[in-house]
Structure formats: structure tokens, C-alpha cells
$ cat upload-v4.cif   # mmCIF, C-alpha atoms
data_target
#
loop_
_atom_site.group_PDB
_atom_site.id
_atom_site.type_symbol
_atom_site.label_atom_id
_atom_site.label_comp_id
_atom_site.auth_asym_id
_atom_site.auth_seq_id
_atom_site.Cartn_x
_atom_site.Cartn_y
_atom_site.Cartn_z
ATOM 1 C CA MET I 1 18.755 13.677 6.923
ATOM 2 C CA GLY I 2 18.181 16.309 4.251
ATOM 3 C CA ILE I 3 15.360 18.751 3.685
ATOM 4 C CA ILE I 4 12.090 18.226 5.579
ATOM 5 C CA TYR I 5 8.792 19.067 3.861
ATOM 6 C CA THR I 6 5.319 19.686 5.226
ATOM 7 C CA LEU I 7 2.252 18.780 3.168
ATOM 8 C CA THR I 8 -1.320 19.614 4.145
ATOM 9 C CA LEU I 9 -3.910 17.161 2.830
ATOM 10 C CA THR I 10 -7.609 16.525 3.100
ATOM 11 C CA GLU I 11 -8.691 13.101 4.325
ATOM 12 C CA ARG I 12 -9.485 12.047 0.759
ATOM 13 C CA GLN I 13 -6.124 13.271 -0.520
ATOM 14 C CA ALA I 14 -4.331 11.376 2.248
ATOM 15 C CA ALA I 15 -6.249 8.199 1.371
ATOM 16 C CA ALA I 16 -5.419 8.616 -2.344
ATOM 17 C CA LEU I 17 -1.728 9.173 -1.570
ATOM 18 C CA SER I 18 -1.725 6.112 0.684
ATOM 19 C CA GLU I 19 -3.298 4.002 -2.065
ATOM 20 C CA ALA I 20 -0.802 5.252 -4.666
ATOM 21 C CA ALA I 21 2.123 4.496 -2.349
ATOM 22 C CA GLU I 22 0.703 1.035 -1.649
ATOM 23 C CA ILE I 23 0.357 0.280 -5.360
ATOM 24 C CA TYR I 24 3.957 1.379 -6.043
ATOM 25 C CA ALA I 25 5.199 -0.753 -3.146
ATOM 26 C CA ARG I 26 3.216 -3.794 -4.272
ATOM 27 C CA LEU I 27 4.541 -3.419 -7.816
ATOM 28 C CA GLY I 28 8.013 -3.346 -6.261
ATOM 29 C CA ILE I 29 7.464 -6.775 -4.717
ATOM 30 C CA GLY I 30 5.859 -8.179 -7.867
ATOM 31 C CA GLN I 31 2.162 -7.868 -7.014
ATOM 32 C CA PHE I 32 0.959 -6.296 -10.262
ATOM 33 C CA HIS I 33 -2.727 -7.146 -9.809
ATOM 34 C CA ASP I 34 -3.134 -4.414 -7.189
ATOM 35 C CA ALA I 35 -2.127 -1.817 -9.767
ATOM 36 C CA LEU I 36 -4.605 -3.135 -12.314
ATOM 37 C CA ARG I 37 -7.574 -2.577 -10.001
ATOM 38 C CA VAL I 38 -7.378 1.180 -10.667
ATOM 39 C CA LEU I 39 -7.671 0.774 -14.435
ATOM 40 C CA PRO I 40 -10.791 2.324 -15.993
ATOM 41 C CA THR I 41 -12.608 -0.905 -16.800
ATOM 42 C CA THR I 42 -15.994 -1.368 -18.459
ATOM 43 C CA GLU I 43 -17.172 -3.454 -15.503
ATOM 44 C CA ALA I 44 -17.514 -2.216 -11.930
ATOM 45 C CA VAL I 45 -15.696 -5.288 -10.600
ATOM 46 C CA PRO I 46 -14.175 -7.236 -13.481
ATOM 47 C CA ASP I 47 -13.707 -10.962 -13.020
ATOM 48 C CA TRP I 48 -10.223 -11.247 -14.363
ATOM 49 C CA HIS I 49 -8.849 -14.132 -12.392
ATOM 50 C CA ASP I 50 -8.067 -16.151 -15.540
ATOM 51 C CA ASP I 51 -6.604 -13.086 -17.273
ATOM 52 C CA MET I 52 -4.452 -12.340 -14.211
ATOM 53 C CA LEU I 53 -3.044 -15.860 -14.339
ATOM 54 C CA VAL I 54 -2.093 -15.369 -18.003
ATOM 55 C CA ILE I 55 -0.528 -11.964 -17.307
ATOM 56 C CA GLY I 56 1.294 -13.441 -14.312
ATOM 57 C CA ARG I 57 2.783 -16.239 -16.427
ATOM 58 C CA MET I 58 3.933 -13.704 -19.028
ATOM 59 C CA LEU I 59 5.531 -11.458 -16.403
ATOM 60 C CA ALA I 60 7.096 -14.345 -14.477
ATOM 61 C CA ARG I 61 9.480 -14.972 -17.382
ATOM 62 C CA HIS I 62 11.010 -11.553 -16.740
ATOM 63 C CA MET I 63 10.794 -11.346 -12.951
ATOM 64 C CA LYS I 64 13.333 -12.292 -10.306
ATOM 65 C CA HIS I 65 12.685 -15.804 -9.015
ATOM 66 C CA GLY I 66 9.787 -16.202 -11.444
ATOM 67 C CA VAL I 67 7.544 -13.959 -9.357
ATOM 68 C CA ASP I 68 4.137 -14.154 -11.003
ATOM 69 C CA GLY I 69 2.381 -11.320 -9.178
ATOM 70 C CA TRP I 70 -0.435 -13.579 -8.128
ATOM 71 C CA GLY I 71 0.665 -16.592 -6.141
ATOM 72 C CA SER I 72 4.213 -15.485 -5.486
ATOM 73 C CA SER I 73 5.978 -12.249 -4.700
ATOM 74 C CA LEU I 74 8.994 -10.935 -2.877
ATOM 75 C CA GLY I 75 8.577 -9.795 0.715
ATOM 76 C CA ILE I 76 8.844 -6.049 1.334
ATOM 77 C CA PHE I 77 11.918 -6.639 3.530
ATOM 78 C CA SER I 78 13.720 -8.619 0.811
ATOM 79 C CA ALA I 79 17.108 -7.238 -0.193
ATOM 80 C CA GLU I 80 15.934 -7.586 -3.798
ATOM 81 C CA VAL I 81 13.130 -5.025 -3.372
ATOM 82 C CA SER I 82 14.031 -1.469 -4.335
ATOM 83 C CA ASP I 83 14.372 1.103 -1.596
ATOM 84 C CA GLY I 84 11.815 3.240 -3.443
ATOM 85 C CA ALA I 85 9.208 0.506 -3.057
ATOM 86 C CA LYS I 86 10.109 0.145 0.634
ATOM 87 C CA VAL I 87 9.856 3.897 1.258
ATOM 88 C CA CYS I 88 6.447 3.909 -0.448
ATOM 89 C CA TRP I 89 5.344 1.013 1.757
ATOM 90 C CA ASP I 90 6.418 3.012 4.798
ATOM 91 C CA LEU I 91 4.461 6.061 3.601
ATOM 92 C CA HIS I 92 1.395 3.899 3.004
ATOM 93 C CA GLN I 93 1.618 2.413 6.503
ATOM 94 C CA VAL I 94 2.012 5.792 8.204
ATOM 95 C CA ILE I 95 -0.894 7.415 6.350
ATOM 96 C CA ARG I 96 -3.126 4.331 6.680
ATOM 97 C CA HIS I 97 -2.439 4.235 10.427
ATOM 98 C CA ARG I 98 -3.223 7.947 10.884
ATOM 99 C CA LEU I 99 -6.492 7.620 8.953
ATOM 100 C CA ALA I 100 -7.461 4.603 11.073
ATOM 101 C CA MET I 101 -6.673 6.378 14.318
ATOM 102 C CA ASP I 102 -8.671 9.440 13.240
ATOM 103 C CA TYR I 103 -11.589 7.186 12.274
ATOM 104 C CA ALA I 104 -11.502 5.514 15.691
ATOM 105 C CA ALA I 105 -11.397 8.885 17.443
ATOM 106 C CA ALA I 106 -14.311 10.231 15.371
ATOM 107 C CA LYS I 107 -16.397 7.180 16.311
ATOM 108 C CA ASN I 108 -15.285 7.243 19.983
ATOM 109 C CA LEU I 109 -13.722 3.798 19.596
ATOM 110 C CA ASP I 110 -10.736 2.471 21.522
ATOM 111 C CA PRO I 111 -8.005 1.826 18.903
ATOM 112 C CA SER I 112 -6.429 -0.820 21.153
ATOM 113 C CA GLN I 113 -9.642 -2.820 20.762
ATOM 114 C CA MET I 114 -9.734 -2.421 16.973
ATOM 115 C CA TYR I 115 -8.561 -5.192 14.654
ATOM 116 C CA GLY I 116 -6.812 -4.754 11.323
ATOM 117 C CA VAL I 117 -3.308 -3.938 10.150
ATOM 118 C CA GLN I 118 -4.210 -0.261 9.852
ATOM 119 C CA TYR I 119 -4.240 -0.070 13.665
ATOM 120 C CA ASN I 120 -0.752 -1.578 13.994
ATOM 121 C CA GLU I 121 2.167 0.767 14.501
ATOM 122 C CA PRO I 122 4.044 1.153 11.190
ATOM 123 C CA MET I 123 7.324 -0.760 10.849
ATOM 124 C CA ARG I 124 10.083 0.839 8.791
ATOM 125 C CA ALA I 125 11.165 -1.123 5.719
ATOM 126 C CA GLY I 126 12.985 1.584 3.748
ATOM 127 C CA SER I 127 16.144 3.561 4.350
ATOM 128 C CA GLU I 128 14.311 6.743 5.355
ATOM 129 C CA PRO I 129 12.935 7.384 8.836
ATOM 130 C CA LEU I 130 9.186 6.881 9.075
ATOM 131 C CA ALA I 131 7.220 9.952 8.005
ATOM 132 C CA LYS I 132 5.373 11.871 10.661
ATOM 133 C CA ILE I 133 1.727 12.780 10.218
ATOM 134 C CA ALA I 134 -0.301 14.770 12.711
ATOM 135 C CA GLY I 135 -3.833 13.903 13.671
ATOM 136 C CA GLY I 136 -6.564 15.245 11.458
ATOM 137 C CA SER I 137 -8.316 18.524 12.054
ATOM 138 C CA THR I 138 -11.210 20.256 10.389
ATOM 139 C CA ALA I 139 -10.526 23.227 8.165
#
$ encode --input "upload-v4.cif" --output "C-alpha cells"
Amino acid sequence: MGIIYTLTLTERQAAALSEAAEIYARLGIGQFHDALRVLPTTEAVPDWHDDMLVIGRMLARHMKHGVDGWGSSLGIFSAEVSDGAKVCWDLHQVIRHRLAMDYAAAKNLDPSQMYGVQYNEPMRAGSEPLAKIAGGSTA
């Protein structure tokens, strides 16, 4: 299995790492628009639907199966998706799930009654075992 590391994060750091892993994974399946949402834009929420379509058409010429990043992408379990993207997806799922479970506990909510993918048990896509993350604590 190799070397095992332990990393201690704040809630905000965990959320940022989860978002970064999600963006990498989505880029790996051809969904570029998720990466562009973190660009420092002049507008709080830019309306770039038309621009995204143009960018998607430009990228599609160079992507496997003409993936355009908008209406089409590869699935995370596709053999054509890099293992790095899959491992990042797994990391995102594990961290997202832990944050959701901690949120439910802090609000005295029953996670089994909560809706949203963040409450689903993570499913491994990559070659590595799923990461382990302990419940949050206050420092």
C-alpha cells in the first residue's frame, strides 16, 4: 500500500481541498466549466453560457470523443479517465461526506433523513483505497 500520511485540517481547509479535488476530477472527465468558476472575474456571477459554448466547441476538437465540457463528458468510471482524476474524485467524495456528516451532527439532524449526494457513502473510482477521515473536533 505504501506510506500512509496524516493531515490535520480546519473545516475550511477541508472544504477547499475537497473543491480542488473535485475540480481536478471534473477536468479529468472533460467538464472544464467547473474549473472556470474559480477564476477571478470582474462579475460576482458571470453569465458566460454563450462563452462556455464557444470554449467547449474549441476544446471538443482536441478531446476524446469530442467531449465539449458542457453537454458531454466522460463518466468518472470510464477507462479513458486518468487514475489521478479518479483518485481526486474519491478524495472529494470522502471529504464532502465527512463535512456533511459533521454538519448534520452539529445541527442534531439524522443523516439517514438527509438528502443530497454528500450524505451518500463514497464509492471508490480510483486505484487507491478510499481515504479515511475522522470526525471533526474543535481545537
$ closest_atom_pairs --input "upload-v4.cif" --of "stretch 48-100 of chain I" --to "stretch 118-130 of chain I" --cutoff "9 Å" --atoms "all atoms listed in the file" --output "JSON lines"
{"residue": "I:Ile76", "atom": "CA", "partner": "I:Ala125", "partner_atom": "CA", "distance": 7.0}
{"residue": "I:Phe77", "atom": "CA", "partner": "I:Ala125", "partner_atom": "CA", "distance": 6.0}
{"residue": "I:Ser82", "atom": "CA", "partner": "I:Gly126", "partner_atom": "CA", "distance": 8.7}
{"residue": "I:Asp83", "atom": "CA", "partner": "I:Gly126", "partner_atom": "CA", "distance": 5.5}
{"residue": "I:Gly84", "atom": "CA", "partner": "I:Gly126", "partner_atom": "CA", "distance": 7.5}
{"residue": "I:Ala85", "atom": "CA", "partner": "I:Gly126", "partner_atom": "CA", "distance": 7.9}
{"residue": "I:Lys86", "atom": "CA", "partner": "I:Gly126", "partner_atom": "CA", "distance": 4.5}
{"residue": "I:Val87", "atom": "CA", "partner": "I:Gly126", "partner_atom": "CA", "distance": 4.6}
{"residue": "I:Cys88", "atom": "CA", "partner": "I:Gly126", "partner_atom": "CA", "distance": 8.1}
{"residue": "I:Trp89", "atom": "CA", "partner": "I:Ala125", "partner_atom": "CA", "distance": 7.4}
{"residue": "I:Asp90", "atom": "CA", "partner": "I:Arg124", "partner_atom": "CA", "distance": 5.8}
{"residue": "I:Leu91", "atom": "CA", "partner": "I:Leu130", "partner_atom": "CA", "distance": 7.3}
{"residue": "I:Gln93", "atom": "CA", "partner": "I:Pro122", "partner_atom": "CA", "distance": 5.4}
{"residue": "I:Val94", "atom": "CA", "partner": "I:Pro122", "partner_atom": "CA", "distance": 5.9}
{"residue": "I:Arg96", "atom": "CA", "partner": "I:Gln118", "partner_atom": "CA", "distance": 5.7}
{"residue": "I:His97", "atom": "CA", "partner": "I:Gln118", "partner_atom": "CA", "distance": 4.9}
{"residue": "I:Arg98", "atom": "CA", "partner": "I:Gln118", "partner_atom": "CA", "distance": 8.3}
{"residue": "I:Leu99", "atom": "CA", "partner": "I:Gln118", "partner_atom": "CA", "distance": 8.3}
{"residue": "I:Ala100", "atom": "CA", "partner": "I:Gln118", "partner_atom": "CA", "distance": 6.0}
$ resolve_selection --input "upload-v4.cif" --expression "the PyMOL selection byres ((chain I and resi 51-53) around 12)" --output "list in words"
Gln31, Phe32, His33, Asp34, Ala35, Leu36, Arg37, Pro46, Asp47, Trp48, His49, Asp50, Val54, Ile55, Gly56, Arg57, Met58, Leu59, Ala60, Val67, Asp68, Gly69, Trp70, Gly71 and Ser72 of chain I
$ resolve_selection --input "upload-v4.cif" --expression "the PyMOL selection byres ((chain I and resi 18) around 7)" --output "PDB file with C-alpha atoms, keeping the file's coordinate frame"
ATOM      1  CA  ALA I  14      -4.331  11.376   2.248  1.00  0.00           C
ATOM      2  CA  ALA I  15      -6.249   8.199   1.371  1.00  0.00           C
ATOM      3  CA  ALA I  16      -5.419   8.616  -2.344  1.00  0.00           C
ATOM      4  CA  LEU I  17      -1.728   9.173  -1.570  1.00  0.00           C
ATOM      5  CA  GLU I  19      -3.298   4.002  -2.065  1.00  0.00           C
ATOM      6  CA  ALA I  20      -0.802   5.252  -4.666  1.00  0.00           C
ATOM      7  CA  ALA I  21       2.123   4.496  -2.349  1.00  0.00           C
ATOM      8  CA  GLU I  22       0.703   1.035  -1.649  1.00  0.00           C
ATOM      9  CA  LEU I  91       4.461   6.061   3.601  1.00  0.00           C
ATOM     10  CA  HIS I  92       1.395   3.899   3.004  1.00  0.00           C
ATOM     11  CA  ILE I  95      -0.894   7.415   6.350  1.00  0.00           C
ATOM     12  CA  ARG I  96      -3.126   4.331   6.680  1.00  0.00           C
TER      13      ARG I  96
END
$ closest_residue --input "upload-v4.cif" --among "I:Thr10, I:Gln113, I:Asn108, I:Ser73" --to "I:Arg26" --atoms "all atoms listed in the file"
I:Ser73
$ atom_distance --input "upload-v4.cif" --atom1 "atom CA of I:Ala25" --atom2 "atom CA of I:Gln13"
18.2 Å
$ atom_distance --input "upload-v4.cif" --atom1 "atom CA of I:Gly2" --atom2 "atom CA of I:Ala79"
24.0 Å
$ closest_residue --input "upload-v4.cif" --among "I:Glu80, I:Ile23, I:Lys107, I:Ala131" --to "I:Thr6" --atoms "all atoms listed in the file"
I:Ala131
$ atom_distance --input "upload-v4.cif" --atom1 "atom CA of I:Leu9" --atom2 "atom CA of I:Gly28"
25.4 Å
$ closest_residue --input "upload-v4.cif" --among "I:Val81, I:Glu11, I:Tyr24, I:Gly66" --to "I:Tyr103" --atoms "only C-alpha atoms"
I:Glu11
$ axis_aligned_box --input "upload-v4.cif" --around "stretch 23-31 of chain I" --padding-each-side "4 Å" --output "AutoDock Vina command-line options"
--center_x 4.2 --center_y -3.4 --center_z -5.5 --size_x 15.7 --size_y 17.6 --size_z 12.7
